[in-house]
Structure formats: structure tokens, C-alpha cells
file query_15.txt (compact mmCIF, C-alpha atoms)
# COMPACT_ATOMS: atom_id res chain seq x y z
CA MET A 1 9.74 7.10 -18.07
CA SER A 2 6.11 7.35 -17.04
CA ASP A 3 4.88 10.05 -14.66
CA ALA A 4 2.09 7.81 -13.46
CA PRO A 5 2.22 7.46 -9.68
CA THR A 6 3.18 4.03 -8.42
CA ASP A 7 0.82 1.85 -6.46
CA GLY A 8 2.91 2.66 -3.41
CA ASP A 9 2.41 6.42 -3.88
CA LEU A 10 -1.34 5.99 -4.32
CA VAL A 11 -1.65 3.69 -1.31
CA ARG A 12 0.24 6.12 0.92
CA LEU A 13 -2.05 8.97 -0.16
CA THR A 14 -5.14 6.82 0.29
CA LEU A 15 -4.04 6.04 3.84
CA LYS A 16 -4.41 9.76 4.50
CA GLY A 17 -7.89 9.74 2.94
CA ASP A 18 -6.97 11.11 -0.50
CA GLU A 19 -10.04 10.49 -2.64
CA ARG A 20 -8.31 11.00 -5.99
CA ALA A 21 -5.58 8.53 -5.15
CA PHE A 22 -8.08 5.86 -4.19
CA GLY A 23 -10.05 6.63 -7.36
CA ARG A 24 -6.94 5.99 -9.43
CA LEU A 25 -6.36 2.68 -7.69
CA VAL A 26 -9.94 1.69 -8.49
CA GLU A 27 -9.50 2.71 -12.14
CA ARG A 28 -6.25 0.80 -12.36
CA TYR A 29 -7.54 -2.45 -10.88
CA GLN A 30 -11.29 -2.57 -11.47
CA ARG A 31 -11.02 -4.66 -14.64
CA PRO A 32 -8.43 -7.15 -13.36
CA ALA A 33 -10.37 -7.44 -10.09
CA TYR A 34 -13.52 -8.21 -12.05
CA ALA A 35 -11.65 -10.74 -14.24
CA VAL A 36 -10.27 -12.56 -11.19
CA ALA A 37 -13.66 -12.51 -9.45
CA TYR A 38 -15.30 -13.77 -12.62
CA SER A 39 -12.76 -16.58 -12.92
CA VAL A 40 -13.77 -17.73 -9.43
CA THR A 41 -17.53 -17.13 -9.47
CA GLY A 42 -18.31 -17.64 -13.16
CA ARG A 43 -21.23 -15.21 -12.90
CA HIS A 44 -21.37 -11.55 -13.79
CA GLU A 45 -23.39 -10.42 -10.78
CA ASP A 46 -21.23 -12.31 -8.30
CA ALA A 47 -18.05 -11.11 -9.95
CA GLU A 48 -19.29 -7.51 -9.80
CA ASP A 49 -20.26 -7.79 -6.14
CA ALA A 50 -17.02 -9.50 -5.16
CA ALA A 51 -14.84 -7.03 -7.07
CA GLN A 52 -16.61 -3.96 -5.70
CA GLU A 53 -16.66 -5.25 -2.14
CA SER A 54 -12.99 -6.15 -2.41
CA PHE A 55 -12.08 -2.51 -3.01
CA LEU A 56 -13.99 -1.51 0.12
CA VAL A 57 -12.38 -4.30 2.16
CA ALA A 58 -8.98 -3.27 0.83
CA LEU A 59 -9.63 0.35 1.88
CA ASP A 60 -10.73 -0.72 5.36
CA ARG A 61 -7.64 -2.88 5.82
CA LEU A 62 -5.15 -0.76 3.93
CA GLU A 63 -2.79 -0.63 6.92
CA ALA A 64 -2.38 -4.39 6.52
CA CYS A 65 -0.88 -3.93 3.05
CA ARG A 66 2.72 -4.34 4.15
CA ASN A 67 4.22 -3.60 0.77
CA PRO A 68 2.22 -0.78 -0.86
CA ASP A 69 4.15 -1.19 -4.10
CA ARG A 70 2.59 -4.64 -4.37
CA PHE A 71 -0.94 -3.43 -3.80
CA GLY A 72 -2.16 -5.22 -6.95
CA GLY A 73 -1.18 -8.67 -5.75
CA TRP A 74 -2.56 -7.97 -2.29
CA LEU A 75 -5.86 -6.79 -3.79
CA MET A 76 -6.12 -9.86 -6.02
CA THR A 77 -5.78 -12.08 -2.95
CA ILE A 78 -8.68 -10.20 -1.34
CA VAL A 79 -10.72 -10.56 -4.55
CA ARG A 80 -10.11 -14.31 -4.71
CA ASN A 81 -11.01 -14.83 -1.04
CA ARG A 82 -14.03 -12.58 -1.31
CA SER A 83 -15.25 -14.41 -4.41
CA LYS A 84 -14.85 -17.80 -2.75
CA ASN A 85 -16.71 -16.60 0.34
CA LEU A 86 -19.47 -15.21 -1.84
CA ILE A 87 -19.88 -18.53 -3.65
CA ARG A 88 -19.97 -20.33 -0.30
CA ARG A 89 -22.66 -17.96 1.00
CA GLU A 90 -24.65 -18.18 -2.22
CA SER A 91 -24.56 -21.97 -2.24
CA LEU A 92 -25.86 -21.99 1.33
CA ARG A 93 -28.78 -19.67 0.69
CA GLU A 94 -29.49 -20.44 -2.93
CA THR A 95 -33.12 -21.42 -3.37
CA GLU A 96 -33.43 -21.57 -7.11
CA GLN A 97 -31.13 -23.48 -9.41
CA VAL A 98 -29.14 -21.24 -11.67
CA PRO A 99 -28.15 -22.97 -14.91
CA PRO A 100 -24.38 -23.05 -15.48
CA GLY A 101 -23.20 -19.99 -17.30
CA ALA A 102 -26.49 -18.17 -16.93
CA ARG A 103 -26.20 -14.38 -16.79
CA SER A 104 -29.02 -12.03 -16.07
CA ARG A 105 -27.73 -8.81 -17.48
CA ALA A 106 -29.93 -6.00 -18.66
CA ALA A 107 -32.06 -6.45 -21.76
CA THR A 108 -29.97 -5.72 -24.82
CA PRO A 109 -30.37 -5.21 -28.58
CA ASP A 110 -30.06 -8.04 -31.12
CA ARG A 111 -26.32 -7.75 -31.49
CA VAL A 112 -25.90 -8.10 -27.76
CA ALA A 113 -28.15 -11.15 -27.83
CA GLU A 114 -25.65 -12.75 -30.20
CA ASP A 115 -22.83 -11.79 -27.87
CA ALA A 116 -24.80 -13.31 -25.02
CA GLN A 117 -24.79 -16.59 -26.89
CA LEU A 118 -21.04 -16.30 -27.37
CA ARG A 119 -20.67 -15.51 -23.68
CA GLU A 120 -22.55 -18.63 -22.75
CA VAL A 121 -20.28 -20.71 -24.95
CA LEU A 122 -17.20 -19.08 -23.43
CA GLU A 123 -18.49 -19.45 -19.91
CA ALA A 124 -19.13 -23.13 -20.47
CA ALA A 125 -15.63 -23.55 -21.88
CA LEU A 126 -14.04 -21.54 -19.08
CA SER A 127 -15.91 -23.48 -16.43
CA GLN A 128 -14.02 -26.57 -17.54
CA LEU A 129 -10.68 -24.97 -16.64
CA PRO A 130 -9.06 -24.97 -13.20
CA GLU A 131 -9.55 -21.68 -11.39
CA VAL A 132 -5.94 -20.58 -11.66
CA GLN A 133 -5.97 -21.18 -15.43
CA ARG A 134 -9.19 -19.16 -15.77
CA GLN A 135 -7.59 -16.28 -13.86
CA ILE A 136 -4.45 -16.36 -15.95
CA VAL A 137 -6.13 -16.61 -19.35
CA LEU A 138 -8.59 -13.83 -18.47
CA LEU A 139 -5.88 -11.53 -17.08
CA HIS A 140 -3.60 -12.22 -20.04
CA ASP A 141 -5.93 -12.49 -23.02
CA LEU A 142 -8.77 -10.26 -21.81
CA GLU A 143 -7.02 -7.66 -19.65
CA GLY A 144 -3.70 -7.71 -21.50
CA TRP A 145 -1.50 -8.24 -18.46
CA LYS A 146 2.02 -9.50 -19.11
CA HIS A 147 3.32 -12.81 -17.75
CA ARG A 148 5.53 -10.90 -15.32
CA GLU A 149 2.62 -8.84 -13.96
CA ILE A 150 0.43 -11.90 -13.50
CA ALA A 151 3.26 -13.77 -11.81
CA GLU A 152 3.90 -10.86 -9.46
CA ARG A 153 0.27 -10.21 -8.58
CA LEU A 154 -0.87 -13.79 -8.27
CA GLU A 155 2.40 -14.65 -6.50
CA LEU A 156 3.24 -17.45 -8.90
CA PRO A 157 6.56 -18.24 -10.64
CA SER A 158 6.68 -16.80 -14.16
CA GLY A 159 7.25 -20.26 -15.66
CA THR A 160 4.14 -21.55 -13.91
CA VAL A 161 2.11 -18.68 -15.36
CA ARG A 162 3.33 -19.48 -18.89
CA SER A 163 2.60 -23.13 -18.39
CA HIS A 164 -0.91 -22.46 -17.05
CA LEU A 165 -1.58 -20.06 -19.90
CA HIS A 166 -0.45 -22.63 -22.43
CA PHE A 167 -2.73 -25.35 -21.01
CA ALA A 168 -5.64 -22.94 -20.54
CA ARG A 169 -5.47 -21.78 -24.14
CA LYS A 170 -5.11 -25.34 -25.39
CA ALA A 171 -8.12 -26.48 -23.37
CA LEU A 172 -10.13 -23.40 -24.32
CA ARG A 173 -9.40 -23.82 -28.02
CA LYS A 174 -10.27 -27.49 -27.83
CA ALA A 175 -13.55 -26.67 -26.11
CA LEU A 176 -14.32 -23.93 -28.63
CA GLU A 177 -13.39 -26.19 -31.52
CA ALA A 178 -15.92 -28.74 -30.33
CA LEU A 179 -18.64 -26.12 -30.57
CA PRO A 180 -19.90 -26.00 -34.17
CA GLU A 181 -20.95 -22.37 -34.05
CA MET A 182 -17.67 -20.99 -32.74
CA PRO A 183 -15.92 -20.15 -36.01
CA ASP A 184 -18.99 -18.23 -37.17
CA MET A 185 -19.24 -16.41 -33.89
CA LEU A 186 -15.60 -15.50 -33.93
CA GLU A 187 -15.97 -14.21 -37.47
CA ARG A 188 -18.70 -11.94 -36.14
CA VAL A 189 -16.71 -10.54 -33.24
CA GLN A 190 -13.62 -9.83 -35.34
CA MET B 1 -13.03 -24.47 -39.02
CA MET B 2 -9.51 -25.43 -39.98
CA ALA B 3 -8.91 -22.02 -41.47
CA TRP B 4 -10.03 -20.45 -38.21
CA LEU B 5 -7.65 -22.69 -36.24
CA LYS B 6 -4.72 -21.96 -38.56
CA ARG B 7 -5.33 -18.23 -38.22
CA ASP B 8 -5.73 -18.72 -34.49
CA VAL B 9 -2.28 -20.29 -34.09
CA ALA B 10 -0.59 -17.36 -35.80
CA ALA B 11 -2.71 -14.68 -34.17
CA THR B 12 -0.60 -13.59 -31.23
CA ASP B 13 0.59 -10.04 -30.69
CA GLU B 14 4.02 -8.89 -29.50
CA LEU B 15 3.00 -9.51 -25.88
CA GLY B 16 2.05 -13.07 -26.73
CA GLN B 17 -1.62 -12.25 -26.37
CA ASP B 18 -3.85 -14.64 -28.28
CA MET B 19 -5.74 -12.19 -30.47
CA VAL B 20 -8.57 -14.53 -31.42
CA LEU B 21 -9.16 -15.60 -27.84
CA ALA B 22 -8.83 -11.98 -26.74
CA GLU B 23 -11.50 -10.97 -29.25
CA ALA B 24 -13.77 -13.75 -28.10
CA LEU B 25 -13.17 -13.00 -24.44
CA GLN B 26 -14.15 -9.36 -25.00
CA ALA B 27 -17.70 -10.69 -24.94
CA LEU B 28 -17.17 -11.31 -21.21
CA ASP B 29 -16.25 -7.66 -20.63
CA PRO B 30 -19.35 -6.01 -19.09
CA ALA B 31 -18.53 -2.89 -21.08
CA SER B 32 -19.06 -4.78 -24.34
CA ASP B 33 -22.80 -4.06 -24.18
CA ASP B 34 -22.69 -1.23 -21.63
CA PRO B 35 -19.97 1.34 -22.41
CA ALA B 36 -20.56 3.25 -19.17
CA TYR B 37 -20.20 0.12 -17.08
CA TRP B 38 -16.71 0.85 -15.65
CA LEU B 39 -17.62 4.46 -14.88
CA ARG B 40 -20.60 3.24 -12.88
CA PHE B 41 -18.48 0.57 -11.23
CA ARG B 42 -15.98 3.19 -10.09
CA SER B 43 -18.71 5.62 -8.99
CA TRP B 44 -20.35 2.95 -6.86
CA VAL B 45 -17.06 2.06 -5.17
CA MET B 46 -16.20 5.72 -4.59
CA SER B 47 -19.59 6.57 -3.09
CA GLU B 48 -19.41 3.56 -0.77
CA ALA B 49 -15.84 4.46 0.18
CA ALA B 50 -16.60 8.14 0.89
CA SER B 51 -17.24 7.72 4.62
CA GLU B 52 -14.08 5.68 5.17
CA LEU B 53 -12.00 8.19 3.21
CA THR B 54 -13.48 11.04 5.27
CA ARG B 55 -12.68 9.15 8.46
CA ARG B 56 -9.10 8.67 7.29
CA ARG B 57 -8.74 12.39 6.51
CA MET B 58 -10.00 13.28 9.99
CA VAL B 59 -7.74 10.73 11.64
CA PHE B 60 -4.77 12.07 9.69
CA LYS B 61 -5.55 15.67 10.75
CA LEU B 62 -6.02 14.54 14.32
CA THR B 63 -2.79 12.68 14.10
CA ILE B 64 -0.88 15.82 13.19
CA GLU B 65 -2.51 17.76 16.02
CA ASP B 66 -1.92 14.88 18.39
CA VAL B 67 1.72 14.78 17.45
CA LEU B 68 2.10 18.50 18.10
CA VAL B 69 0.21 18.35 21.38
CA SER B 70 2.02 15.25 22.60
CA TRP B 71 5.30 16.81 21.51
CA SER B 72 4.55 19.97 23.45
CA LYS B 73 3.37 17.90 26.40
CA ALA B 74 6.59 15.98 26.44
CA VAL B 75 8.90 18.88 25.70
CA LEU B 76 7.43 21.59 27.93
CA PRO B 77 7.92 19.75 31.27
CA ILE B 78 11.43 18.79 30.24
CA ALA B 79 12.17 22.39 29.28
CA VAL B 80 10.75 23.68 32.58
CA ALA B 81 12.72 21.08 34.52
CA ALA B 82 15.86 21.96 32.59
CA ALA B 83 15.29 25.65 33.31
CA VAL B 84 14.82 24.96 37.03
CA VAL B 85 17.96 22.84 37.13
CA ALA B 86 19.88 25.50 35.23
CA ILE B 87 18.72 28.28 37.58
CA SER B 88 19.52 26.27 40.67
CA PHE B 89 22.89 25.36 39.22
CA ILE B 90 23.67 28.98 38.46
CA ARG B 91 22.60 29.98 41.95
CA SER B 92 24.62 27.23 43.62
CA SER B 93 27.68 28.10 41.57
CA ARG B 94 27.34 31.73 42.70
CA VAL B 95 27.26 30.58 46.32
CA GLU B 96 30.39 28.51 45.78
CA THR B 97 32.30 31.38 44.19
CA THR B 98 31.55 33.85 46.96
CA PRO B 99 33.68 32.12 49.66
CA VAL B 100 36.58 31.86 47.25
CA ALA B 101 36.35 35.56 46.63
CA ALA B 102 36.12 36.13 50.35
CA ALA B 103 39.18 33.95 51.03
CA VAL B 104 41.21 35.90 48.58
CA GLY B 105 40.06 39.04 50.30
CA VAL B 106 41.07 37.72 53.70
CA GLU B 107 44.50 36.70 52.43
CA GLU B 108 44.94 40.10 50.94
CA LEU B 109 43.87 41.66 54.19
CA LEU B 110 46.32 39.46 56.13
CA VAL B 111 49.12 40.35 53.79
CA VAL B 112 48.30 44.01 54.14
CA GLU B 113 48.53 43.79 57.94
CA VAL B 114 51.94 42.02 57.99
CA ALA B 115 54.92 44.31 58.43
CA PRO B 116 57.06 44.22 55.25
CA GLU B 117 60.41 43.88 56.99
CA THR B 118 59.59 40.75 59.05
CA GLN B 119 60.90 38.30 56.44
CA PRO B 120 63.85 40.33 55.31
CA VAL B 121 65.00 40.58 58.92
CA PHE B 122 65.56 36.81 59.16
CA LEU B 123 66.86 36.38 55.62
CA SER B 124 69.00 39.49 55.32
CA PRO B 125 72.89 39.37 55.23
CA ASP B 126 72.81 40.95 58.64
CA ALA B 127 71.07 37.90 59.96
CA ALA B 128 74.23 36.82 61.87
CA ALA B 129 74.08 40.06 63.82
CA GLY B 130 70.43 39.56 64.19
CA VAL B 131 71.06 36.09 65.71
CA VAL B 132 72.44 37.77 68.84
CA ALA B 133 69.47 40.04 69.03
CA PHE B 134 67.19 37.06 68.35
CA ALA B 135 68.88 34.97 71.12
CA SER B 136 68.68 37.80 73.49
CA ASP B 137 65.10 38.28 72.73
CA ILE B 138 64.33 34.60 73.20
CA PHE B 139 66.51 33.68 76.09
call {"tool": "encode", "arguments": {"input": "query_15.txt", "output": "C-alpha cells"}}
result
Amino acid sequence: MSDAPTDGDLVRLTLKGDERAFGRLVERYQRPAYAVAYSVTGRHEDAEDAAQESFLVALDRLEACRNPDRFGGWLMTIVRNRSKNLIRRESLRETEQVPPGARSRAATPDRVAEDAQLREVLEAALSQLPEVQRQIVLLHDLEGWKHREIAERLELPSGTVRSHLHFARKALRKALEALPEMPDMLERVQ
Amino acid sequence: MMAWLKRDVAATDELGQDMVLAEALQALDPASDDPAYWLRFRSWVMSEAASELTRRRMVFKLTIEDVLVSWSKAVLPIAVAAAVVAISFIRSSRVETTPVAAAVGVEELLVVEVAPETQPVFLSPDAAAGVVAFASDIF
């Protein structure tokens, strides 16, 4: 048995203003929150903003989390909504055209430049998937969440999660297969 | 390419995670080229959340004090009222008991004043003789 406090324990402490408890919630969910935000926005900066803001929104509205033991699912709903709102706002005020899959991360060494190329390929492939399939494949194959966890936190039946994962992987592999450089790139990252 | 695909099909771990895809997707992890990324992410969230957490701590402290104050506010008047009722009840019960005690005293006094042979005179075996005396007294 694990001694790790449950989400419910951490939420109840956070309601009283416990900084450490909230910090643990952030540590626990920052990567999945980013993955879900990324699956919606498709851009690093937007995903970062949406994920970070979602934690602050969640803290502000923590009383509205009716089932603290299901904090993860509740947070993911906030992340999805926040990400969609952010895209809506961005599309309204966007003045310059951002090429699909473009990322403006900090200048990096040569190796990172290669990874950036791989990222672009992946982003293009992911952008072809429905949003729910992007979320599931990122949570499962990037964050290592189990089917059960994804089903619980995205409030989807477990069979639906498996089915989405199957189709997402199939589509992703097909897209990657069509890219001539992919096998070489994957050799490099392994 | 075919070799990569064949390896891909078999490359799933015990959780069913697609290892090749997982490796490729790692490139999307911001920490892949910035190891301190998640630490900074957390720090930013925590610094932005500091004021709200402080507010919650203050509200929670206030809540405890409020509960105690409201409890005392609610309980003290009831306790005072209960004490007043109890005192008045005790006083009224004392008033009620005094006449009873007095009545007993009066009865005792009456009994003390009555001559002891009055009853035996009428009920005694010599009552028949007494009838003559009684009739003579009356008529």
C-alpha cells in the first residue's frame, strides 16, 4: 500500500490554504494538464499558459470540486475548457499567421534542433487526429497513464478509451510511416 | 522502414504503452530540451497561487474563531435564560412548599388542642350509659 496522500486528502488541505498540499497536486498533475492542453491547442506556449492558468482557476474554485477524490478528472475538464477558450481568444486577436505546428521555444543546441524537427513531424501528425484521440494517446503513450485512469479522468467508458487509443495509434503510425525521415528520427531518439 | 514497423508492433510494455510512439512523443515533453522546465512550471503556479492560499489560511482561521464566537453567542444567552428559569423555578417551588408545611403545622396544632377523650367517649363500651347523658345534654 502506498502512503501517498489521495487527491481527496490534498484537496481538503488545500481548501484550508495548505501550500505543500497544493504543491503536491501541481506536481501530480502538471504533466497531464500540459498534455491535455497541448492536445487541444497544439502549441507549446498556449498549452503552457492554459495548463498553468487551469491550476489557478482550480484553486479559486476548489469549493466547486464536489468529489475531491476525483480532482484529476475535474482539473482536466478545466484544462480542456481553458485551452478551448484560449484558442478562441487567440484566433480573435491573432494578427500574424502562425504556421501549423510552429513552436517558438528557446534557442537550443544542435541535438535539440533535430528534436525540433521531430516535434514538427509529430505535431503535424497529431493535428490530423480528433482532439479526444490526441488527449488519449498523449496521456497514455507520453504520460504513461493507464486506460482506467484516462477513462476516470476524462469521464469516458474504458472501452471507448481503448478504441480511441487504437485508432489514434493507427492513424499516428500511418502518418509517421508516410514521412520518409521518421524511421531515421526514431532511430535517433531510441 | 518495414523493420521499424515490425519492431513497432511488438514494442509495447506491460501497461500496453507503445514504446516507439512513447519515445517519439518524448520530443513533445518540454523537459526534453529543458530539464528544469517542470520545476519552473510548478514555481510559477505556486508563486501565482500564494495570495489565494494565504487568503484561504486566513479564512480558515477566521472560521474557527467565528465558530467559537458564534457558539458562545448562541450558548451564553441560552445558559443565562436557563439559569434564570431554574432560579425562578426553585424559588416558586419553595413558595409552594411553605403552605404545605404550614398546613401540617396547623393540623398538628389542631390535634394538640383537641381533648384526647372526646372520641373515646362516643365509641367506648360505656356509650350506652353515655347516651342518657348525651340525651340529657341535648334535650
call {"tool": "atom_distance", "arguments": {"input": "query_15.txt", "atom1": "atom CA of A:Ala175", "atom2": "atom CA of A:Glu48"}}
result
25.8 Å
call {"tool": "residues_around", "arguments": {"input": "query_15.txt", "residues": "A:Thr160", "least_positions_apart": "6", "cutoff": "10 Å", "atoms": "only C-alpha atoms", "output": "PDB file with C-alpha atoms, keeping the file's coordinate frame"}}
result
ATOM      1  CA  HIS A 147       3.320 -12.810 -17.750  1.00  0.00           C
ATOM      2  CA  ALA A 151       3.260 -13.770 -11.810  1.00  0.00           C
ATOM      3  CA  HIS A 166      -0.450 -22.630 -22.430  1.00  0.00           C
TER       4      HIS A 166
END
call {"tool": "atom_distance", "arguments": {"input": "query_15.txt", "atom1": "atom CA of A:Ala50", "atom2": "atom CA of A:Tyr34"}}
result
7.8 Å
call {"tool": "axis_aligned_box", "arguments": {"input": "query_15.txt", "around": "stretch 153-162 of chain A", "padding_each_side": "6 Å", "output": "lines of an AutoDock Vina configuration file"}}
result
center_x = 3.2
center_y = -15.9
center_z = -12.7
size_x = 20.1
size_y = 23.3
size_z = 24.4
call {"tool": "closest_residue", "arguments": {"input": "query_15.txt", "among": "A:Glu45, A:Glu19, A:Glu155, A:Glu149", "to": "chain B", "atoms": "only C-alpha atoms"}}
result
A:Glu19
call {"tool": "atom_distance", "arguments": {"input": "query_15.txt", "atom1": "atom CA of A:Gln30", "atom2": "atom CA of B:Arg42"}}
result
7.6 Å
call {"tool": "closest_atom_pairs", "arguments": {"input": "query_15.txt", "of": "chain B", "to": "chain A", "cutoff": "7 Å", "atoms": "only C-alpha atoms", "output": "JSON lines"}}
result
{"residue": "B:Met1", "atom": "CA", "partner": "A:Pro183", "partner_atom": "CA", "distance": 6.0}
{"residue": "B:Trp4", "atom": "CA", "partner": "A:Pro183", "partner_atom": "CA", "distance": 6.3}
{"residue": "B:Leu15", "atom": "CA", "partner": "A:Lys146", "partner_atom": "CA", "distance": 6.8}
{"residue": "B:Gln17", "atom": "CA", "partner": "A:Asp141", "partner_atom": "CA", "distance": 5.5}
{"residue": "B:Asp18", "atom": "CA", "partner": "A:Asp141", "partner_atom": "CA", "distance": 6.1}
{"residue": "B:Leu21", "atom": "CA", "partner": "A:Asp141", "partner_atom": "CA", "distance": 6.6}
{"residue": "B:Ala22", "atom": "CA", "partner": "A:Asp141", "partner_atom": "CA", "distance": 4.7}
{"residue": "B:Glu23", "atom": "CA", "partner": "A:Gln190", "partner_atom": "CA", "distance": 6.5}
{"residue": "B:Ala24", "atom": "CA", "partner": "A:Leu186", "partner_atom": "CA", "distance": 6.4}
{"residue": "B:Leu25", "atom": "CA", "partner": "A:Leu142", "partner_atom": "CA", "distance": 5.8}
{"residue": "B:Gln26", "atom": "CA", "partner": "A:Leu142", "partner_atom": "CA", "distance": 6.3}
{"residue": "B:Ala27", "atom": "CA", "partner": "A:Arg119", "partner_atom": "CA", "distance": 5.8}
{"residue": "B:Leu28", "atom": "CA", "partner": "A:Arg119", "partner_atom": "CA", "distance": 6.0}
{"residue": "B:Asp33", "atom": "CA", "partner": "A:Val112", "partner_atom": "CA", "distance": 6.2}
{"residue": "B:Arg42", "atom": "CA", "partner": "A:Val26", "partner_atom": "CA", "distance": 6.4}
{"residue": "B:Val45", "atom": "CA", "partner": "A:Gln52", "partner_atom": "CA", "distance": 6.1}
{"residue": "B:Met46", "atom": "CA", "partner": "A:Gly23", "partner_atom": "CA", "distance": 6.8}
{"residue": "B:Ala49", "atom": "CA", "partner": "A:Leu56", "partner_atom": "CA", "distance": 6.3}
{"residue": "B:Leu53", "atom": "CA", "partner": "A:Gly17", "partner_atom": "CA", "distance": 4.4}
{"residue": "B:Thr54", "atom": "CA", "partner": "A:Gly17", "partner_atom": "CA", "distance": 6.2}
{"residue": "B:Arg56", "atom": "CA", "partner": "A:Gly17", "partner_atom": "CA", "distance": 4.6}
{"residue": "B:Arg57", "atom": "CA", "partner": "A:Gly17", "partner_atom": "CA", "distance": 4.5}
{"residue": "B:Phe60", "atom": "CA", "partner": "A:Lys16", "partner_atom": "CA", "distance": 5.7}
call {"tool": "closest_residue", "arguments": {"input": "query_15.txt", "among": "A:Met76, A:Ile87, A:Leu154, A:Leu126", "to": "A:Lys170", "atoms": "only C-alpha atoms"}}
result
A:Leu126
